[in-house]
Amino acid sequence: MSDFKVLTLKEFKSKGINVDVLFWIGCAGSFDERSKKITKSFVKILNNAKISFGVLGTEESCTGDPAKRSGNEYLFQMQAAKNIETLKKYKFNKIVTTCPHCFNTLKNEYPELGGNYDVNHHTEFLEDLFNKGKLKVLLMALKEVVDELESEVYSDTEAYVPSTNPPKDTYASYDEVLGDDDGYPD
């Protein structure tokens, strides 16, 4: 079970420790059975790469993306304001999420409400780790989760992230990390 060592930001704060990464799990990553596999796989990678990260746990709430997309701006602003207040309590360098919808909302919608964060989709974050050489020892672990990630994330990321966030080609980041068809980086 050591692969699933996950502490909340509240637990880190009580120990006087700040983390580098807030892993924003999102609604799907918390409740949808297929998305839970991605969440668990990503946690394994973060732990194996010795990334200082934490989650909000029960303090994490929906980003408000579904409300905003369905036209309920009031509910979106209420949800976003609550999350921004929660995030103000903690120190971290960046937010990383596996959910393209949370990514888009945190990165592009929250700044209008005072929530200015360095937000990365996990594919960008993995590419950065790979480029820094932090994933080289994780090739087998990465290969183990590629099939899950490919079927669960690839299609959602391909369909949503590039069209809503064109300056950084997250879809290409995923290709860069995974390399050729065998799932190993080149």
# chains A, B, ... in the order shown; residues from 1 in each chain; ligands from 1
>>> residues_around(residues="Gln77 of chain A", least_positions_apart="6", cutoff="10 Å", atoms="only C-alpha atoms", output="tab-separated table (two decimals) with N, CA, C and O atoms, in the first residue's frame")
chain	number	residue	atom	x	y	z
A	63	THR	N	-15.03	22.15	-9.07
A	63	THR	CA	-14.53	23.45	-9.55
A	63	THR	C	-15.66	24.36	-10.02
A	63	THR	O	-15.47	25.56	-10.14
A	64	GLY	N	-16.81	23.77	-10.30
A	64	GLY	CA	-17.93	24.56	-10.80
A	64	GLY	C	-18.06	24.51	-12.31
A	64	GLY	O	-18.95	25.13	-12.89
A	65	ASP	N	-17.19	23.75	-12.96
A	65	ASP	CA	-17.23	23.66	-14.41
A	65	ASP	C	-18.61	23.23	-14.93
A	65	ASP	O	-19.13	23.87	-15.85
A	67	ALA	N	-21.55	23.63	-13.68
A	67	ALA	CA	-22.49	24.75	-13.51
A	67	ALA	C	-22.24	25.83	-14.55
A	67	ALA	O	-23.17	26.33	-15.17
A	68	LYS	N	-20.98	26.18	-14.74
A	68	LYS	CA	-20.63	27.23	-15.72
A	68	LYS	C	-21.05	26.81	-17.12
A	68	LYS	O	-21.63	27.60	-17.86
A	83	ASN	N	-13.73	27.34	-3.24
A	83	ASN	CA	-12.44	26.69	-3.51
A	83	ASN	C	-11.27	27.66	-3.36
A	83	ASN	O	-10.23	27.31	-2.81
A	109	GLU	N	-10.69	30.11	-15.81
A	109	GLU	CA	-11.87	30.76	-15.23
A	109	GLU	C	-11.59	31.36	-13.84
A	109	GLU	O	-12.12	32.42	-13.50
A	110	TYR	N	-10.79	30.66	-13.03
A	110	TYR	CA	-10.53	31.13	-11.66
A	110	TYR	C	-9.79	32.47	-11.59
A	110	TYR	O	-10.04	33.25	-10.67
A	113	LEU	N	-11.72	35.49	-10.87
A	113	LEU	CA	-12.28	35.59	-9.53
A	113	LEU	C	-11.20	35.70	-8.45
A	113	LEU	O	-11.48	35.54	-7.26
>>> select_by_dssp(residues="segment 20-81 of chain A", states="strand (DSSP E)", output="ChimeraX atom specification")
/A:21-24,53-54
>>> write_last_selection(atoms="N, CA and C atoms", output="mmCIF file, in the first residue's frame")
data_model
loop_
_atom_site.group_PDB
_atom_site.id
_atom_site.type_symbol
_atom_site.label_atom_id
_atom_site.label_comp_id
_atom_site.auth_asym_id
_atom_site.auth_seq_id
_atom_site.Cartn_x
_atom_site.Cartn_y
_atom_site.Cartn_z
ATOM 1 N N VAL A 21 3.363 20.362 -5.108
ATOM 2 C CA VAL A 21 2.212 20.132 -5.978
ATOM 3 C C VAL A 21 0.947 19.855 -5.181
ATOM 4 N N LEU A 22 -0.105 20.572 -5.550
ATOM 5 C CA LEU A 22 -1.444 20.207 -5.097
ATOM 6 C C LEU A 22 -2.040 19.357 -6.213
ATOM 7 N N PHE A 23 -2.301 18.098 -5.926
ATOM 8 C CA PHE A 23 -2.953 17.225 -6.908
ATOM 9 C C PHE A 23 -4.455 17.414 -6.749
ATOM 10 N N TRP A 24 -5.047 18.069 -7.740
ATOM 11 C CA TRP A 24 -6.496 18.313 -7.753
ATOM 12 C C TRP A 24 -7.143 17.086 -8.401
ATOM 13 N N PHE A 53 3.799 16.216 -2.837
ATOM 14 C CA PHE A 53 2.445 16.578 -3.243
ATOM 15 C C PHE A 53 1.454 16.261 -2.138
ATOM 16 N N GLY A 54 0.327 16.915 -2.232
ATOM 17 C CA GLY A 54 -0.768 16.649 -1.319
ATOM 18 C C GLY A 54 -2.077 16.881 -2.035
#
>>> residues_around(residues="Glu59 of chain A", least_positions_apart="4", cutoff="10 Å", atoms="only C-alpha atoms", output="PyMOL selection string")
chain A and resi 8-10+55+82-83+86-87
>>> closest_residue(among="A:Leu46, A:Cys62, A:Met78, A:Ile51", to="Ser30 of chain A", atoms="only C-alpha atoms")
A:Cys62
>>> atom_distance(atom1="atom CA of Pro66 of chain A", atom2="atom CA of Leu7 of chain A")
27.3 Å
>>> residues_around(residues="Gly115 of chain A", least_positions_apart="6", cutoff="9 Å", atoms="only C-alpha atoms", output="ChimeraX atom specification")
/A:80-81,83-85,87-88,106-107,109
>>> atom_distance(atom1="atom CA of Lys94 of chain A", atom2="atom CA of Asn108 of chain A")
14.5 Å
>>> atom_distance(atom1="atom CA of Asn47 of chain A", atom2="atom CA of Phe125 of chain A")
13.9 Å
>>> select_by_dssp(residues="segment 86-139 of chain A", states="alpha helix (DSSP H)", output="list in words")
Thr86, Leu87, Pro100, His101, Cys102, Phe103, Asn104, His122, Thr123, Glu124, Phe125, Leu126, Glu127, Asp128, Leu129, Phe130, Asn131 and Leu139 of chain A
>>> closest_residue(among="A:Gly57, A:Glu33, A:Ala49, A:Val43", to="Lys132 of chain A", atoms="only C-alpha atoms")
A:Ala49
